[in-house]
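Shown below: target37.cif, with mmCIF, C-alpha atoms, pLDDT in the B column; chains and numbers go by the auth columns.
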data_model
#
loop_
_atom_site.group_PDB
_atom_site.id
_atom_site.type_symbol
_atom_site.label_atom_id
_atom_site.label_comp_id
_atom_site.label_asym_id
_atom_site.label_seq_id
_atom_site.Cartn_x
_atom_site.Cartn_y
_atom_site.Cartn_z
_atom_site.B_iso_or_equiv
_atom_site.auth_seq_id
_atom_site.auth_asym_id
ATOM 1 C CA MET A 1 27.446 29.920 -23.345 50.00 17 A
ATOM 2 C CA THR A 2 23.870 29.443 -22.207 50.00 18 A
ATOM 3 C CA VAL A 3 21.017 29.627 -24.692 51.00 19 A
ATOM 4 C CA ASP A 4 17.861 31.483 -23.751 53.00 20 A
ATOM 5 C CA THR A 5 14.662 30.251 -25.366 47.00 21 A
ATOM 6 C CA GLN A 6 12.801 33.497 -24.574 51.00 22 A
ATOM 7 C CA PRO A 7 14.918 36.161 -26.331 53.00 23 A
ATOM 8 C CA ALA A 8 12.405 38.979 -25.991 46.00 24 A
ATOM 9 C CA ALA A 9 11.530 38.318 -22.354 63.00 25 A
ATOM 10 C CA ARG A 10 14.516 39.983 -20.656 77.00 26 A
ATOM 11 C CA PHE A 11 13.441 43.591 -21.353 88.00 27 A
ATOM 12 C CA SER A 12 10.317 45.417 -22.458 90.00 28 A
ATOM 13 C CA LEU A 13 9.974 48.755 -24.180 93.00 29 A
ATOM 14 C CA PRO A 14 8.862 51.781 -22.183 93.00 30 A
ATOM 15 C CA PRO A 15 5.174 52.491 -22.872 93.00 31 A
ATOM 16 C CA ASP A 16 6.009 55.879 -24.412 93.00 32 A
ATOM 17 C CA ALA A 17 8.750 54.609 -26.763 95.00 33 A
ATOM 18 C CA ARG A 18 8.498 56.025 -30.277 96.00 34 A
ATOM 19 C CA ALA A 19 10.346 54.767 -33.358 97.00 35 A
ATOM 20 C CA TYR A 20 12.612 57.274 -35.057 97.00 36 A
ATOM 21 C CA ARG A 21 14.816 55.169 -37.365 97.00 37 A
ATOM 22 C CA ARG A 22 14.946 51.767 -39.017 98.00 38 A
ATOM 23 C CA ILE A 23 17.993 50.195 -40.669 97.00 39 A
ATOM 24 C CA GLY A 24 18.152 47.168 -42.917 97.00 40 A
ATOM 25 C CA PRO A 25 17.137 44.778 -44.047 97.00 41 A
ATOM 26 C CA PHE A 26 20.597 43.223 -43.879 97.00 42 A
ATOM 27 C CA ASP A 27 21.671 39.764 -44.956 96.00 43 A
ATOM 28 C CA ARG A 28 24.813 37.919 -43.842 94.00 44 A
ATOM 29 C CA THR A 29 26.982 39.844 -46.330 95.00 45 A
ATOM 30 C CA SER A 30 25.543 43.334 -45.740 97.00 46 A
ATOM 31 C CA LEU A 31 25.194 43.188 -41.939 96.00 47 A
ATOM 32 C CA PRO A 32 27.379 45.976 -40.503 96.00 48 A
ATOM 33 C CA LYS A 33 30.525 44.330 -39.067 96.00 49 A
ATOM 34 C CA GLY A 34 30.291 46.437 -35.891 96.00 50 A
ATOM 35 C CA LEU A 35 27.192 44.477 -34.888 96.00 51 A
ATOM 36 C CA LEU A 36 29.322 41.326 -34.674 97.00 52 A
ATOM 37 C CA HIS A 37 31.458 42.859 -31.909 97.00 53 A
ATOM 38 C CA GLU A 38 30.470 43.993 -28.422 96.00 54 A
ATOM 39 C CA HIS A 39 28.632 47.321 -28.560 96.00 55 A
ATOM 40 C CA ARG A 40 25.800 49.173 -26.830 96.00 56 A
ATOM 41 C CA LEU A 41 23.091 51.681 -27.670 96.00 57 A
ATOM 42 C CA LYS A 42 23.488 55.276 -26.546 95.00 58 A
ATOM 43 C CA ALA A 43 21.616 56.628 -23.539 94.00 59 A
ATOM 44 C CA GLY A 44 17.919 57.101 -24.241 94.00 60 A
ATOM 45 C CA THR A 45 17.900 54.811 -27.301 96.00 61 A
ATOM 46 C CA TRP A 46 16.179 51.438 -27.390 96.00 62 A
ATOM 47 C CA GLY A 47 16.480 48.919 -30.195 97.00 63 A
ATOM 48 C CA VAL A 48 14.313 46.144 -31.564 96.00 64 A
ATOM 49 C CA LEU A 49 16.142 43.517 -33.603 97.00 65 A
ATOM 50 C CA ARG A 50 13.709 41.716 -35.908 96.00 66 A
ATOM 51 C CA ILE A 51 14.500 38.507 -37.748 96.00 67 A
ATOM 52 C CA LEU A 52 12.854 38.463 -41.163 97.00 68 A
ATOM 53 C CA TYR A 53 14.441 35.244 -42.417 96.00 69 A
ATOM 54 C CA GLY A 54 16.758 32.572 -41.017 96.00 70 A
ATOM 55 C CA ASN A 55 18.336 32.613 -37.572 95.00 71 A
ATOM 56 C CA ILE A 56 20.799 34.821 -35.723 95.00 72 A
ATOM 57 C CA ARG A 57 22.415 34.397 -32.324 95.00 73 A
ATOM 58 C CA PHE A 58 21.972 37.396 -30.026 94.00 74 A
ATOM 59 C CA VAL A 59 24.583 37.458 -27.230 93.00 75 A
ATOM 60 C CA TRP A 60 24.372 39.572 -24.070 92.00 76 A
ATOM 61 C CA ASP A 61 27.765 40.899 -22.910 91.00 77 A
ATOM 62 C CA ASP A 62 26.652 42.915 -19.861 84.00 78 A
ATOM 63 C CA ALA A 63 27.839 42.191 -16.311 78.00 79 A
ATOM 64 C CA GLY A 64 26.100 39.191 -14.803 79.00 80 A
ATOM 65 C CA HIS A 65 24.811 37.984 -18.171 79.00 81 A
ATOM 66 C CA GLU A 66 28.058 37.545 -20.099 72.00 82 A
ATOM 67 C CA HIS A 67 27.677 35.101 -22.954 74.00 83 A
ATOM 68 C CA GLU A 68 23.975 34.415 -22.405 84.00 84 A
ATOM 69 C CA ALA A 69 22.629 33.886 -25.888 89.00 85 A
ATOM 70 C CA ALA A 70 19.402 33.423 -27.766 89.00 86 A
ATOM 71 C CA LEU A 71 19.037 31.791 -31.151 93.00 87 A
ATOM 72 C CA VAL A 72 16.417 34.064 -32.667 93.00 88 A
ATOM 73 C CA GLY A 73 14.373 32.922 -35.645 93.00 89 A
ATOM 74 C CA PRO A 74 11.844 34.242 -38.151 93.00 90 A
ATOM 75 C CA ALA A 75 9.131 36.541 -36.806 89.00 91 A
ATOM 76 C CA GLN A 76 10.981 36.840 -33.468 92.00 92 A
ATOM 77 C CA SER A 77 12.562 39.972 -32.050 93.00 93 A
ATOM 78 C CA VAL A 78 14.889 41.070 -29.271 94.00 94 A
ATOM 79 C CA ILE A 79 14.397 44.271 -27.286 95.00 95 A
ATOM 80 C CA ILE A 80 17.705 46.007 -26.561 95.00 96 A
ATOM 81 C CA PRO A 81 17.825 48.701 -23.862 95.00 97 A
ATOM 82 C CA PRO A 82 20.209 51.656 -23.743 95.00 98 A
ATOM 83 C CA GLY A 83 23.724 51.003 -22.471 94.00 99 A
ATOM 84 C CA VAL A 84 23.536 47.185 -22.329 94.00 100 A
ATOM 85 C CA SER A 85 26.485 45.469 -24.050 94.00 101 A
ATOM 86 C CA HIS A 86 25.653 42.858 -26.688 95.00 102 A
ATOM 87 C CA HIS A 87 26.668 41.478 -30.082 96.00 103 A
ATOM 88 C CA LEU A 88 25.364 39.263 -32.880 96.00 104 A
ATOM 89 C CA GLU A 89 26.695 35.995 -34.262 96.00 105 A
ATOM 90 C CA ILE A 90 25.592 34.560 -37.598 93.00 106 A
ATOM 91 C CA PRO A 91 25.134 30.780 -37.607 90.00 107 A
ATOM 92 C CA ALA A 92 25.295 28.819 -40.869 89.00 108 A
ATOM 93 C CA GLY A 93 22.647 29.616 -43.443 91.00 109 A
ATOM 94 C CA ASP A 94 20.960 32.698 -44.785 94.00 110 A
ATOM 95 C CA VAL A 95 19.610 35.421 -42.524 96.00 111 A
ATOM 96 C CA VAL A 96 17.803 38.729 -42.999 97.00 112 A
ATOM 97 C CA VAL A 97 17.397 41.185 -40.110 97.00 113 A
ATOM 98 C CA GLU A 98 16.344 44.765 -39.507 97.00 114 A
ATOM 99 C CA ILE A 99 16.776 47.029 -36.508 98.00 115 A
ATOM 100 C CA GLU A 100 14.372 49.701 -35.333 98.00 116 A
ATOM 101 C CA PHE A 101 15.556 52.459 -32.985 98.00 117 A
ATOM 102 C CA LEU A 102 13.196 54.065 -30.478 97.00 118 A
ATOM 103 C CA GLU A 103 13.327 56.766 -27.852 96.00 119 A
ATOM 104 C CA ALA A 104 11.116 57.319 -24.841 83.00 120 A
ATOM 105 C CA GLU A 105 9.401 60.683 -24.526 73.00 121 A
ATOM 106 C CA ALA A 106 10.793 62.887 -21.777 60.00 122 A
#
Before anything else, please render the file you have as structure tokens.
Amino acid sequence: MTVDTQPAARFSLPPDARAYRRIGPFDRTSLPKGLLHEHRLKAGTWGVLRILYGNIRFVWDDAGHEHEAALVGPAQSVIIPPGVSHHLEIPAGDVVVEIEFLEAEA
């Protein structure tokens, strides 16, 4: 597994992206278990994972980037585009995260 030191640099949000939902905050015990397994956002939906406390490992599972990971810490975020496989891993210690969902105007 390679570790990326620039977790937010791989993708950027479309300029017309608008937030429509936020979930969390979640800690290590309340984080939905589905986020710990490979999954992807539906077409047209972008996500922004924000770390409010602690660290979390964000792992890309898409073709060509399998197992590339970023250890993401407080005040950092990861932009997640539609249809790109990924999952989270929780290292030792406490963590608090939230996820915002956005859509681009048509």
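Among the candidates A:Pro90, A:Leu118, A:Leu57, A:Ala35, the residue lying nearest to His102 (chain A) is A:Leu57 (atoms considered: all atoms listed in the file).
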Subject >> Pick from A:Leu51, A:Val94, A:Leu65, A:Ala85, whichever lies nearest to Arg38 (chain A) using only C-alpha atoms >> reply: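 Ranking A:Leu51, A:Val94, A:Leu65, A:Ala85 by distance to Arg38 (chain A), first place goes to A:Leu65.
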Subject >> Top pick for closest residue to Asn71 (chain A), considering A:His103, A:Arg44, A:Arg37, A:Arg26 and counting only C-alpha atoms >> reply: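 That would be A:Arg44, the residue with the smallest distance to Asn71 (chain A).
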**OP:** Run the PyMOL selection byres ((chain A and resi 55) around 12) on the file and write out the hits as a list in words.
**Re:**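 Residues picked by the PyMOL selection byres ((chain A and resi 55) around 12): Lys49, Gly50, Leu51, Leu52, His53, Glu54, Arg56, Leu57, Lys58, Val75, Trp76, Asp77, Asp78, Ile96, Pro97, Pro98, Gly99, Val100, Ser101, His102, His103 and Leu104 of chain A.
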**OP:** Provide the CA of Gly80 (chain A) to CA of Phe27 (chain A) distance in Å, to one decimal place.
**Re:**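 Between these atoms lies a distance of 14.9 Å.
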**OP:** Tell me which residues the PyMOL selection byres ((chain A and resi 114) around 10) grabs here, as a ChimeraX atom specification.
**Re:** /A:38-43,47,64-68,93,112-113,115-116
Could you dump the residues just selected with C-alpha atoms as a compact mmCIF listing (two decimals), keeping the file's coordinate frame?
# COMPACT_ATOMS: atom_id res chain seq x y z
CA ARG A 38 14.95 51.77 -39.02
CA ILE A 39 17.99 50.20 -40.67
CA GLY A 40 18.15 47.17 -42.92
CA PRO A 41 17.14 44.78 -44.05
CA PHE A 42 20.60 43.22 -43.88
CA ASP A 43 21.67 39.76 -44.96
CA LEU A 47 25.19 43.19 -41.94
CA VAL A 64 14.31 46.14 -31.56
CA LEU A 65 16.14 43.52 -33.60
CA ARG A 66 13.71 41.72 -35.91
CA ILE A 67 14.50 38.51 -37.75
CA LEU A 68 12.85 38.46 -41.16
CA SER A 93 12.56 39.97 -32.05
CA VAL A 112 17.80 38.73 -43.00
CA VAL A 113 17.40 41.18 -40.11
CA ILE A 115 16.78 47.03 -36.51
CA GLU A 116 14.37 49.70 -35.33
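One finds CA of Pro30 (chain A) at 12.7 Å from CA of Phe117 (chain A).
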Original post:
If you measure from CA of Ala108 (chain A) to CA of Arg73 (chain A), what distance in Å do you get, rounded to one decimal?
Top reply: 10.6 Å
Original post:
Quick one: of A:Ser46, A:Glu121, A:Ala59, A:Gln92, who's nearest to Ile106 (chain A), counting only C-alpha atoms?
Top reply: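 Residue with the minimum atom-to-atom distance to Ile106 (chain A): A:Ser46.
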Original post:
Which residue, A:Ile72, A:Glu82, A:Ala120, A:Ile95, has the smallest gap to Pro107 (chain A) when you use only C-alpha atoms?
Top reply: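 Using only C-alpha atoms, Pro107 (chain A) sits closest to A:Ile72.
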**OP:** Measuring atom to atom with only C-alpha atoms, identify which of A:Leu29, A:Trp62, A:Glu119, A:Val111 is nearest to Thr45 (chain A).
**Re:** A:Val111
